[in-house]
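Engineer: My file is my_file.txt. It has compact mmCIF, C-alpha atoms:
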# COMPACT_ATOMS: atom_id res chain seq x y z
CA ILE I 294 -16.36 19.60 -5.30
CA LEU I 295 -15.20 22.70 -3.44
CA HIS I 296 -17.62 23.77 -0.75
CA SER I 297 -15.29 26.32 0.74
CA ARG I 298 -16.01 29.07 -1.80
CA PRO I 299 -19.73 29.02 -2.47
CA LEU I 300 -20.14 32.75 -3.11
CA HIS I 301 -18.19 34.32 -5.96
CA THR I 302 -16.85 37.23 -4.00
CA THR I 303 -13.29 37.18 -5.35
CA HIS I 304 -11.58 36.18 -8.60
CA GLN I 305 -10.55 32.91 -6.99
CA ARG I 306 -9.59 30.09 -9.26
CA SER I 307 -9.66 26.36 -8.65
CA ALA I 308 -6.35 25.52 -10.20
CA PRO I 309 -3.59 25.84 -9.27
CA LEU I 310 -4.79 25.43 -5.69
CA PRO I 311 -3.72 28.28 -3.48
CA PRO I 312 -1.16 27.07 -0.96
CA LEU I 313 -2.21 26.43 2.63
CA PRO I 314 -0.64 28.68 5.25
CA GLU I 315 2.11 27.08 7.33
CA LYS I 316 0.50 27.71 10.72
CA GLY I 317 -3.08 28.28 11.77
CA GLY I 318 -4.33 31.61 13.03
CA GLU I 319 -3.05 32.75 16.39
CA VAL I 320 -5.63 32.41 19.18
CA ARG I 321 -5.53 33.41 22.79
CA HIS I 322 -7.11 31.15 25.40
CA GLY I 323 -7.94 28.73 22.60
CA LEU I 324 -10.97 30.68 21.45
CA ILE I 325 -10.39 34.37 20.76
CA PRO I 326 -8.28 35.31 17.73
CA GLU I 327 -5.25 37.45 18.33
CA GLU I 328 -6.55 39.95 15.81
CA PHE I 329 -9.31 40.95 18.26
CA PHE I 330 -6.75 41.94 20.88
CA GLN I 331 -4.75 43.86 18.30
CA PHE I 332 -7.93 45.55 17.15
CA LEU I 333 -8.71 46.84 20.66
CA TYR I 334 -5.11 47.60 21.60
CA PRO I 335 -4.87 51.19 20.24
CA LYS I 336 -7.93 52.33 22.19
CA THR I 337 -7.89 50.31 25.39
CA GLY I 338 -4.40 48.88 25.71
CA VAL I 339 -3.54 45.43 26.95
CA THR I 340 -6.33 44.97 29.50
CA GLY I 341 -9.05 46.23 27.19
CA PRO I 342 -10.45 42.94 25.91
CA TYR I 343 -10.33 41.41 29.38
CA MET I 344 -12.29 44.32 30.82
CA LEU I 345 -14.77 43.92 28.02
CA GLY I 346 -15.13 40.20 28.76
CA THR I 347 -15.53 40.67 32.50
CA GLY I 348 -18.01 43.47 32.06
CA LEU I 349 -20.05 41.46 29.59
CA LEU I 350 -20.10 38.47 31.89
CA LEU I 351 -21.11 40.50 34.93
CA TYR I 352 -23.81 42.25 32.93
CA LEU I 353 -25.27 38.94 31.79
CA LEU I 354 -25.16 37.49 35.30
CA SER I 355 -26.50 40.49 37.16
CA LYS I 356 -29.38 41.09 34.81
CA GLU I 357 -30.09 37.37 34.87
CA ILE I 358 -29.89 37.23 31.11
CA TYR I 359 -27.73 34.19 31.77
CA VAL I 360 -29.44 32.29 34.58
CA ILE I 361 -27.38 30.08 36.85
CA ASN I 362 -29.17 26.81 37.20
CA HIS I 363 -28.39 23.13 37.00
CA GLU I 364 -27.26 23.47 33.41
CA THR I 365 -24.44 25.72 34.58
CA VAL I 366 -23.05 22.91 36.68
CA ALA I 367 -23.37 20.47 33.80
CA ALA I 368 -21.70 23.05 31.55
CA ALA I 369 -18.86 23.44 33.99
CA CYS I 370 -18.32 19.70 34.02
CA ILE I 371 -18.31 19.16 30.28
CA LEU I 372 -16.19 22.23 29.63
CA SER I 373 -13.61 21.24 32.19
CA ILE I 374 -13.39 17.78 30.63
CA ILE I 375 -12.99 19.25 27.14
CA ILE I 376 -10.33 21.73 28.26
CA TYR I 377 -8.44 19.06 30.17
CA GLY I 378 -8.51 16.76 27.16
CA ILE I 379 -7.27 19.44 24.79
CA LYS I 380 -4.52 20.60 27.11
CA LYS I 381 -3.27 17.11 27.78
CA TYR I 382 -3.51 15.51 24.33
CA GLY I 383 -3.51 18.50 22.03
CA ALA I 384 0.18 18.52 21.25
CA ASP I 385 0.25 14.74 20.69
CA VAL I 386 -2.62 14.89 18.26
CA ALA I 387 -0.97 17.73 16.36
CA ALA I 388 2.28 15.79 16.22
CA PHE I 389 0.38 12.75 14.96
CA ALA I 390 -1.26 14.77 12.20
CA ASP I 391 2.13 16.19 11.25
CA LYS I 392 3.56 12.68 11.23
CA LEU I 393 0.84 11.48 8.85
CA ASN I 394 1.64 14.29 6.44
CA GLU I 395 5.37 13.72 6.82
CA GLU I 396 4.96 10.06 5.98
CA LYS I 397 3.04 10.94 2.83
CA ILE I 398 5.73 13.35 1.74
CA ALA I 399 8.49 10.93 2.69
CA LYS I 400 6.96 8.17 0.57
CA MET I 401 6.86 10.40 -2.46
CA ALA I 402 10.35 11.69 -1.77
CA ALA I 403 11.57 8.12 -1.50
CA VAL I 404 10.09 7.33 -4.91
CA LYS I 405 11.70 10.43 -6.35
CA ASN I 406 15.08 9.61 -4.84
CA GLU I 407 14.90 6.06 -6.12
CA ALA I 408 14.20 7.34 -9.59
CA ILE I 409 17.08 9.83 -9.38
CA LYS I 410 19.46 7.12 -8.21
CA ASP I 411 18.42 4.79 -10.98
CA LEU I 412 18.95 7.50 -13.56
CA GLU I 413 22.37 8.36 -12.16
CA THR I 414 23.40 4.72 -12.33
CA ALA I 415 22.17 4.64 -15.91
CA ILE I 416 24.31 7.71 -16.69
CA GLU I 417 27.39 6.02 -15.22
CA GLU I 418 26.74 2.90 -17.27
CA GLU I 419 26.32 4.99 -20.40
CA LYS I 420 29.62 6.79 -19.79
CA LYS I 421 31.35 3.46 -19.41
CA GLU I 422 29.88 2.27 -22.66
CA GLN I 423 31.12 5.39 -24.39
CA TRP I 424 34.62 4.79 -23.06
CA ARG I 425 34.44 1.24 -24.27
CA VAL I 426 33.48 2.43 -27.72
CA GLU I 427 36.74 4.40 -27.93
CA GLY I 428 38.77 1.27 -27.39
CA ARG I 429 36.84 -0.55 -30.05
CA ARG I 430 39.50 -0.12 -32.71
CA PHE I 431 42.04 -2.10 -30.72
CA LEU I 432 39.57 -4.90 -30.66
CA PHE I 433 39.10 -4.68 -34.41
CA ASP I 434 42.87 -4.59 -35.05
CA ALA I 435 43.41 -7.66 -32.96
CA LYS I 436 40.61 -9.42 -34.77
CA ARG I 437 41.98 -8.36 -38.11
CA ASN I 438 45.46 -9.68 -37.21
CA ASN I 439 43.93 -12.88 -36.04
CA ILE I 440 42.12 -13.40 -39.29
CA ALA I 441 45.18 -12.54 -41.34
CA MET I 442 47.17 -15.12 -39.44
CA LEU I 443 44.52 -17.70 -39.98
CA LEU I 444 44.46 -16.99 -43.69
CA GLU I 445 48.26 -17.15 -43.91
CA ALA I 446 48.37 -20.42 -42.05
CA ASN I 447 45.70 -21.85 -44.29
CA TYR I 448 47.53 -20.76 -47.40
CA ARG I 449 50.78 -22.32 -46.28
CA GLU I 450 49.08 -25.47 -45.37
CA ARG I 451 47.57 -25.79 -48.81
CA LEU I 452 50.89 -24.94 -50.42
CA LEU I 453 52.48 -27.78 -48.50
CA MET I 454 49.71 -30.09 -49.60
CA VAL I 455 50.24 -29.22 -53.22
CA TYR I 456 53.98 -29.84 -52.89
CA ASN I 457 53.38 -33.19 -51.27
CA GLU I 458 50.94 -34.30 -53.93
CA VAL I 459 53.31 -33.34 -56.76
CA LYS I 460 56.18 -35.11 -55.06
CA LYS I 461 54.08 -38.19 -54.66
CA ARG I 462 53.26 -38.26 -58.36
CA LEU I 463 56.93 -37.79 -59.33
CA ASP I 464 58.10 -40.39 -56.86
CA TYR I 465 55.66 -42.78 -58.37
CA GLN I 466 57.06 -42.25 -61.84
CA VAL I 467 60.64 -42.65 -60.55
CA ALA I 468 59.71 -45.79 -58.67
CA MET I 469 58.02 -47.15 -61.77
CA GLN I 470 61.15 -46.62 -63.86
CA ASN I 471 63.40 -48.13 -61.22
CA LEU I 472 61.17 -51.09 -60.92
CA LYS I 473 61.12 -51.58 -64.67
CA ARG I 474 64.95 -51.47 -64.92
CA GLN I 475 65.29 -53.77 -61.96
CA LYS I 476 62.96 -56.26 -63.51
CA GLU I 477 64.71 -56.08 -66.81
CA GLN I 478 68.08 -56.61 -65.13
CA ASP I 479 66.87 -59.51 -63.09
CA HIS I 480 65.26 -61.12 -66.01
CA MET I 481 68.42 -60.81 -68.10
CA ILE I 482 70.64 -62.20 -65.31
CA GLN I 483 68.35 -65.10 -64.89
CA TRP I 484 68.28 -65.81 -68.58
CA VAL I 485 72.10 -65.63 -68.77
CA GLU I 486 72.50 -67.93 -65.80
CA LYS I 487 69.97 -70.32 -67.13
CA ASN I 488 71.71 -70.50 -70.45
CA VAL I 489 75.15 -70.86 -68.86
CA ILE I 490 74.02 -73.65 -66.63
CA GLN I 491 72.38 -75.35 -69.60
CA SER I 492 75.58 -75.03 -71.59
CA ILE I 493 77.72 -76.76 -68.97
CA THR I 494 78.01 -80.39 -70.23
CA PRO I 495 78.77 -83.25 -67.87
CA GLN I 496 82.37 -83.63 -69.46
CA GLN I 497 83.25 -80.07 -68.74
CA GLN I 498 81.98 -80.48 -65.22
CA LYS I 499 84.28 -83.44 -64.50
CA GLU I 500 87.30 -81.62 -65.90
CA SER I 501 86.73 -78.49 -63.87
CA ILE I 502 86.30 -80.47 -60.67
CA ALA I 503 89.62 -82.37 -61.27
CA LYS I 504 91.38 -79.07 -62.00
CA CYS I 505 90.03 -77.62 -58.79
CA ILE I 506 91.31 -80.60 -56.82
CA LEU I 507 94.84 -80.27 -58.34
CA ASP I 508 94.83 -76.53 -57.51
CA LEU I 509 93.79 -77.25 -53.99
CA LYS I 510 96.55 -79.80 -53.54
CA ALA I 511 99.16 -77.31 -54.83
CA LEU I 512 97.81 -74.65 -52.54
CA SER I 513 97.79 -76.99 -49.57
CA LYS I 514 101.48 -77.74 -50.14
CA SER I 515 102.41 -74.11 -50.15
CA ALA I 516 100.15 -73.44 -47.19
CA GLN I 517 101.79 -76.18 -45.15
CA ALA I 518 105.12 -74.62 -45.82
CA ALA I 519 104.00 -71.24 -44.49
CA VAL I 520 102.91 -72.74 -41.18
CA MET R 65 -39.25 30.08 33.76
CA ASN R 66 -39.80 26.79 35.43
CA LEU R 67 -38.31 24.04 33.44
CA SER R 68 -39.28 20.46 33.95
CA PHE R 69 -36.73 17.84 33.26
CA PHE R 70 -38.32 16.90 29.96
CA ASP R 71 -38.27 20.32 28.39
CA GLN R 72 -34.81 19.66 27.04
CA PHE R 73 -36.32 16.99 24.81
CA ALA R 74 -38.98 19.25 23.34
CA SER R 75 -38.56 19.91 19.64
CA PRO R 76 -36.89 23.33 19.40
CA SER R 77 -38.70 26.23 17.87
CA LEU R 78 -37.93 29.93 17.69
CA MET R 79 -40.99 32.11 17.86
CA GLY R 80 -43.10 29.42 16.30
CA ILE R 81 -40.65 28.46 13.55
CA PRO R 82 -39.59 24.86 13.99
CA LEU R 83 -35.85 24.52 14.14
CA ILE R 84 -35.67 20.75 14.04
CA ILE R 85 -34.18 20.60 10.56
CA ILE R 86 -31.39 23.01 11.44
CA ALA R 87 -30.80 21.15 14.68
CA THR R 88 -30.39 17.89 12.80
CA MET R 89 -28.25 19.22 9.94
CA PHE R 90 -26.07 21.68 11.83
CA PRO R 91 -23.78 19.21 13.60
CA THR R 92 -22.40 17.78 10.38
CA LEU R 93 -21.60 21.26 9.08
CA LEU R 94 -18.93 21.45 11.74
CA LEU R 95 -16.87 18.93 9.82
CA ILE R 96 -14.57 20.25 7.13
CA PRO R 97 -15.40 19.19 3.57
CA GLN R 98 -12.74 17.24 1.77
CA ASP R 99 -10.50 19.40 -0.32
CA ASN R 100 -8.73 17.77 -3.24
CA ARG R 101 -5.32 18.67 -1.91
CA TRP R 102 -2.56 16.17 -1.44
CA ILE R 103 -1.39 17.53 1.94
CA ASN R 104 -4.05 19.16 4.12
CA ASN R 105 -3.95 21.07 7.36
CA ARG R 106 -3.92 19.11 10.61
CA LEU R 107 -7.64 19.00 11.18
CA SER R 108 -8.43 17.75 7.69
CA THR R 109 -5.68 15.16 7.91
CA ILE R 110 -6.95 13.80 11.21
CA GLN R 111 -10.54 13.86 10.04
CA SER R 112 -9.81 11.92 6.88
CA TRP R 113 -7.51 9.50 8.75
CA LEU R 114 -10.26 8.80 11.29
CA LEU R 115 -12.84 8.32 8.58
CA HIS R 116 -10.56 5.94 6.66
CA MET R 117 -9.84 3.92 9.77
CA ILE R 118 -13.49 3.53 10.69
CA THR R 119 -14.50 2.75 7.12
CA LYS R 120 -11.88 0.04 6.87
CA GLN R 121 -12.97 -1.48 10.17
CA LEU R 122 -16.61 -1.56 9.25
CA MET R 123 -16.40 -2.48 5.59
CA ILE R 124 -13.77 -5.20 5.52
CA PRO R 125 -16.13 -8.03 6.61
CA LEU R 126 -18.54 -7.17 3.82
CA ASN R 127 -18.19 -8.53 0.33
CA LYS R 128 -17.78 -6.35 -2.73
CA LYS R 129 -21.49 -5.70 -3.18
CA GLY R 130 -21.72 -4.55 0.40
CA HIS R 131 -19.11 -1.87 -0.20
CA LYS R 132 -21.75 0.08 -2.07
CA TRP R 133 -23.25 0.77 1.34
CA SER R 134 -20.09 2.35 2.68
CA LEU R 135 -21.11 5.92 1.86
CA ILE R 136 -24.46 5.78 3.59
CA LEU R 137 -23.14 3.89 6.58
CA MET R 138 -20.22 6.26 7.09
CA SER R 139 -22.34 9.36 6.70
CA LEU R 140 -24.85 7.89 9.15
CA MET R 141 -22.03 7.23 11.57
CA THR R 142 -20.71 10.78 11.23
CA LEU R 143 -24.18 12.22 11.73
CA LEU R 144 -24.87 10.22 14.86
CA LEU R 145 -21.42 10.87 16.30
CA THR R 146 -21.62 14.64 15.88
CA ILE R 147 -25.22 14.85 17.04
CA ASN R 148 -24.53 12.80 20.15
CA LEU R 149 -21.35 14.62 21.09
CA LEU R 150 -22.80 18.07 20.57
CA GLY R 151 -25.80 17.14 22.70
CA LEU R 152 -23.55 16.97 25.73
CA LEU R 153 -23.06 20.73 25.69
CA PRO R 154 -25.47 22.70 27.84
CA TYR R 155 -28.71 24.02 26.44
CA THR R 156 -28.36 22.00 23.24
CA PHE R 157 -31.05 19.90 21.70
CA THR R 158 -30.11 16.36 20.70
CA PRO R 159 -32.23 15.10 17.82
CA THR R 160 -31.33 11.51 18.56
CA THR R 161 -33.23 11.66 21.83
CA GLN R 162 -36.39 11.68 19.73
CA LEU R 163 -37.70 8.19 19.05
CA SER R 164 -39.25 9.42 15.83
CA MET R 165 -35.89 10.33 14.33
CA ASN R 166 -34.17 7.14 15.39
CA MET R 167 -36.95 4.94 14.11
CA ALA R 168 -36.87 6.92 10.88
CA LEU R 169 -33.19 6.07 10.59
CA ALA R 170 -33.34 2.47 11.73
CA PHE R 171 -36.48 1.16 10.08
CA PRO R 172 -35.76 1.98 6.42
CA LEU R 173 -32.16 0.87 6.62
CA TRP R 174 -33.03 -2.41 8.29
CA MET R 175 -35.84 -2.95 5.81
CA ALA R 176 -33.38 -2.31 2.98
CA THR R 177 -31.03 -5.02 4.25
CA LEU R 178 -33.92 -7.45 4.68
CA LEU R 179 -35.35 -6.83 1.22
CA THR R 180 -31.91 -7.05 -0.40
CA GLY R 181 -31.42 -10.42 1.22
CA LEU R 182 -34.87 -11.71 0.33
CA ARG R 183 -34.57 -10.53 -3.25
CA ASN R 184 -31.09 -11.68 -4.17
CA GLN R 185 -30.63 -14.80 -2.07
CA PRO R 186 -34.00 -15.73 -0.54
CA SER R 187 -33.12 -19.21 0.65
CA ILE R 188 -29.92 -18.09 2.38
CA SER R 189 -31.73 -15.20 4.07
CA LEU R 190 -34.48 -17.48 5.28
CA GLY R 191 -31.86 -20.00 6.26
CA HIS R 192 -30.49 -17.54 8.81
CA LEU R 193 -33.69 -18.12 10.74
CA LEU R 194 -32.41 -21.53 11.87
CA PRO R 195 -29.05 -21.77 13.63
CA GLU R 196 -26.89 -24.72 12.72
CA GLY R 197 -27.03 -27.89 14.68
CA THR R 198 -30.40 -27.53 16.34
CA PRO R 199 -32.13 -30.71 17.39
CA THR R 200 -35.08 -31.54 15.13
CA PRO R 201 -37.95 -31.26 17.67
CA LEU R 202 -36.89 -27.70 18.50
CA ILE R 203 -37.01 -26.46 14.90
CA PRO R 204 -40.55 -24.95 14.81
CA ALA R 205 -40.14 -23.15 18.09
CA LEU R 206 -36.72 -21.86 17.05
CA ILE R 207 -38.02 -20.57 13.73
CA LEU R 208 -40.70 -18.60 15.55
CA ILE R 209 -38.17 -17.23 17.99
CA GLU R 210 -35.73 -16.23 15.24
CA THR R 211 -38.48 -14.56 13.23
CA THR R 212 -39.48 -12.55 16.27
CA SER R 213 -35.90 -11.56 16.83
CA LEU R 214 -35.57 -10.57 13.18
CA LEU R 215 -38.70 -8.43 13.21
CA ILE R 216 -37.79 -6.72 16.44
CA ARG R 217 -34.45 -5.52 15.09
CA PRO R 218 -35.48 -2.09 13.82
CA LEU R 219 -37.35 -1.46 17.04
CA ALA R 220 -34.28 -2.48 19.00
CA LEU R 221 -31.98 -0.28 16.95
CA GLY R 222 -34.11 2.81 17.33
CA VAL R 223 -35.04 2.34 20.94
CA ARG R 224 -31.48 1.49 21.96
CA LEU R 225 -30.16 4.79 20.68
CA THR R 226 -33.08 6.80 22.03
CA ALA R 227 -33.04 5.19 25.44
CA ASN R 228 -29.30 5.51 25.93
CA LEU R 229 -29.15 9.15 25.05
CA THR R 230 -32.34 10.15 26.80
CA ALA R 231 -31.32 8.35 29.95
CA GLY R 232 -27.90 9.94 29.89
CA HIS R 233 -29.24 13.44 29.42
CA LEU R 234 -31.83 12.97 32.12
CA LEU R 235 -29.23 11.71 34.55
CA ILE R 236 -27.00 14.69 33.85
CA GLN R 237 -29.94 17.03 34.48
CA LEU R 238 -30.94 15.28 37.69
CA ILE R 239 -27.49 15.09 39.20
CA SER R 240 -26.66 18.69 38.32
CA THR R 241 -29.98 19.77 39.86
CA ALA R 242 -29.07 17.83 42.97
CA THR R 243 -25.67 19.55 43.05
CA VAL R 244 -27.19 23.00 42.72
CA ALA R 245 -29.90 22.27 45.32
CA LEU R 246 -27.42 20.87 47.86
CA LEU R 247 -24.92 23.69 47.43
CA PRO R 248 -26.38 26.05 50.06
CA ILE R 249 -27.34 23.19 52.40
CA MET R 250 -24.43 20.74 52.46
CA PRO R 251 -21.56 21.98 50.32
CA THR R 252 -19.43 18.86 50.81
CA VAL R 253 -22.16 16.56 49.60
CA SER R 254 -22.62 18.98 46.74
CA ILE R 255 -19.00 18.59 45.81
CA LEU R 256 -19.29 14.83 45.96
CA THR R 257 -22.28 15.01 43.70
CA SER R 258 -20.37 17.19 41.31
CA LEU R 259 -17.65 14.57 41.23
CA ILE R 260 -20.28 12.02 40.32
CA LEU R 261 -21.43 14.40 37.64
CA LEU R 262 -17.89 14.61 36.29
CA LEU R 263 -17.64 10.86 36.01
CA LEU R 264 -21.06 10.68 34.48
CA THR R 265 -20.10 13.21 31.86
CA ILE R 266 -17.11 11.13 30.91
CA LEU R 267 -19.41 8.12 30.64
CA GLU R 268 -21.80 10.08 28.51
CA ILE R 269 -19.07 11.06 26.09
CA ALA R 270 -18.13 7.42 25.76
CA VAL R 271 -21.76 6.37 25.39
CA ALA R 272 -22.34 8.98 22.71
CA MET R 273 -19.53 7.61 20.60
CA ILE R 274 -20.25 3.96 21.31
CA GLN R 275 -23.94 4.22 20.52
CA ALA R 276 -23.24 5.78 17.16
CA TYR R 277 -20.72 3.07 16.36
CA VAL R 278 -23.01 0.28 17.56
CA PHE R 279 -25.90 1.51 15.46
CA VAL R 280 -23.83 1.43 12.30
CA LEU R 281 -22.08 -1.79 13.25
CA LEU R 282 -25.33 -3.64 13.73
CA LEU R 283 -26.62 -2.39 10.43
CA SER R 284 -23.47 -3.61 8.74
CA LEU R 285 -23.90 -6.99 10.43
CA TYR R 286 -27.45 -7.26 9.20
CA LEU R 287 -26.12 -6.34 5.80
CA GLN R 288 -23.44 -9.02 5.95
CA GLU R 289 -26.05 -11.67 6.50
CA ASN R 290 -28.16 -10.58 3.62
CA ILE R 291 -26.00 -9.30 0.80
Will you turn the file into structure tokens for me?
Structural biologist:
Amino acid sequence: ILHSRPLHTTHQRSAPLPPLPEKGGEVRHGLIPEEFFQFLYPKTGVTGPYMLGTGLLLYLLSKEIYVINHETVAAACILSIIIYGIKKYGADVAAFADKLNEEKIAKMAAVKNEAIKDLETAIEEEKKEQWRVEGRRFLFDAKRNNIAMLLEANYRERLLMVYNEVKKRLDYQVAMQNLKRQKEQDHMIQWVEKNVIQSITPQQQKESIAKCILDLKALSKSAQAAV
Amino acid sequence: MNLSFFDQFASPSLMGIPLIIIATMFPTLLLIPQDNRWINNRLSTIQSWLLHMITKQLMIPLNKKGHKWSLILMSLMTLLLTINLLGLLPYTFTPTTQLSMNMALAFPLWMATLLTGLRNQPSISLGHLLPEGTPTPLIPALILIETTSLLIRPLALGVRLTANLTAGHLLIQLISTATVALLPIMPTVSILTSLILLLLTILEIAVAMIQAYVFVLLLSLYLQENI
């Protein structure tokens, strides 16, 4: 609710709010606006307003329009206290008010700066991501090579397995044949031996043993001679 | 015209038109209404900072329901503060020196706290009539005493404010009259008296602010008990 413009004397609008002036109006002696002195300056010069003030005061006092009584003393006291207070603490209070406003602005500025910094960091990150995207194809090539190698290795492995399996089958057949021949041979040898041993009669045995002994004796004679 | 010391407390009127309403409302018009700006000028900033600080101080002990009272308590505080401080200027009328006005402020507000307490939490409100840990034989007497103290609260509130301000104003009048009367006779004693007046004025400024604060503080305390 704006109470400051109750009468519609200008085309003032509520929004946007008109900006506040940087500094307050200039006053002299804390009470009288500077514009009053400027207003009287063309006619009465620099001392004009002061003459006016003195004259007014003297008029009021002499005609006893303003009566000096006990209230004057009380007025003097309270006014001197007020003026002393303003002169001593005025600047500090103004600085405090300025500080309050500065803190408000600084808080908002801090928020804004934080947001700006965050966005800038985000931009940097994004740029890095874009650079990474360019190098993507190297990554894909490497992966492709990798996969090709894996496939090749797998293929060779299976080839080897096939070869081994076939060789195993063939070896088996060869071994089977060898075994069969071996068995046949052994069987025949055994049969021949068995029959030969069966055919040796006891008479033949005695004759061969005597012949062997005669041969040995002849050999022993010749052997003795050699020594 | 011969003024007695009590003419300053007479209800002001201009040519038969009573000015009491203007006298009571005018002090608050000196404060700047809140503009919905983000950054204000120095005076508005300090005013709103002061108001926030006092509101926080007074309203923190209250629970959430009590915060509904913050507007009336703060506006009461502002009214009393401005009325009291402006009354220190010469030839001004201070409405708070009138018992009628202070009772009109204190009685309804106190009654509101009492009725709120009795309506919403009757047993707790009545329980405040007996302090904890009293020996059993003393209970009837203590209840009577506490009831008396409860019923005398609005009277105390109103009379406290009236008495403080009236006494202060009267003292200022008396001592300044003494200063003015002694001035032709014994100027040095007159100066001493004026020094006393200076100190008294400082005290009166303090009293003006403290009395306003105490009024509202006590009301908030009564509210704390009852809400």
Engineer: Do me a favour and pick out the residues of chain R within 10 Å of chain I, using only C-alpha atoms, as a PyMOL selection string.
Structural biologist: chain R and resi 96-111+113+152-155+236-245+258-259+261-266+268-269
Engineer: I need every residue sitting at most 9 Å from the point (-37.9, 12.2, 33.7) (coordinates as in the file, only C-alpha atoms considered), written as a JSON list (two decimals) with C-alpha atoms, in the frame of the given file.
Structural biologist:
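Saved to out-v3.json:
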[["chain", "number", "residue", "atom", "x", "y", "z"],
["R", 68, "SER", "CA", -39.28, 20.46, 33.95],
["R", 69, "PHE", "CA", -36.73, 17.84, 33.26],
["R", 70, "PHE", "CA", -38.32, 16.90, 29.96],
["R", 231, "ALA", "CA", -31.32, 8.35, 29.95],
["R", 234, "LEU", "CA", -31.83, 12.97, 32.12],
["R", 235, "LEU", "CA", -29.23, 11.71, 34.55],
["R", 238, "LEU", "CA", -30.94, 15.28, 37.69]]
Engineer: Need to verify the contact set: Gln331 (chain I), 12 Å, all atoms listed in the file, exclusion of same-chain residues closer than 3 positions in sequence. Can you return it as a list of chain:residue names?
Structural biologist: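 Neighbouring residues, sequence-local ones excluded: I:Glu319, I:Val320, I:Arg321, I:Ile325, I:Pro326, I:Glu327, I:Glu328, I:Tyr334, I:Pro335, I:Lys336, I:Thr337, I:Gly338, I:Val339, I:Thr340, I:Gly341, I:Pro342.
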Engineer: What does the structure give for the distance between CA of Leu115 (chain R) and CA of Leu145 (chain R), in Å to one decimal?
Structural biologist: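 CA of Leu145 (chain R) lies 11.8 Å from CA of Leu115 (chain R).
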Engineer: Neighbouring residues of Tyr343 (chain I) were defined as those with any atom within 10 Å, considering only C-alpha atoms; residues of the same chain fewer than 5 positions away were excluded. Please report them as a PyMOL selection string.
Structural biologist: chain I and resi 330+348-349
Engineer: Between CA of Thr177 (chain R) and CA of Asn127 (chain R), measure the distance and give it in Å to one decimal.
Structural biologist: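 Rounded to one decimal, the two atoms are 13.9 Å apart.
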Engineer: Could you write out as AutoDock Vina command-line options the box around region 310-326 of chain I (axis-aligned, all atoms listed in the file, 5 Å on each side), with centre and edge lengths in Å to one decimal?
Structural biologist:
--center_x -4.4 --center_y 30.4 --center_z 9.9 --size_x 23.1 --size_y 19.9 --size_z 41.1
Engineer: Using only C-alpha atoms, which protein or nucleic acid residues come within 12 Å of region 275-282 of chain R? Drop anything in the same chain fewer than 3 positions from it, and give the result as a PyMOL selection string.
Structural biologist: chain R and resi 118-119+121-126+133-149+160-161+166-167+169-171+173-174+177+217-229+232+267-272+285-289
Engineer: Just give me the gap between CA of Leu163 (chain R) and CA of Ile81 (chain R) in Å, one decimal is fine.
Structural biologist: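 CA of Leu163 (chain R) sits 21.2 Å away from CA of Ile81 (chain R).
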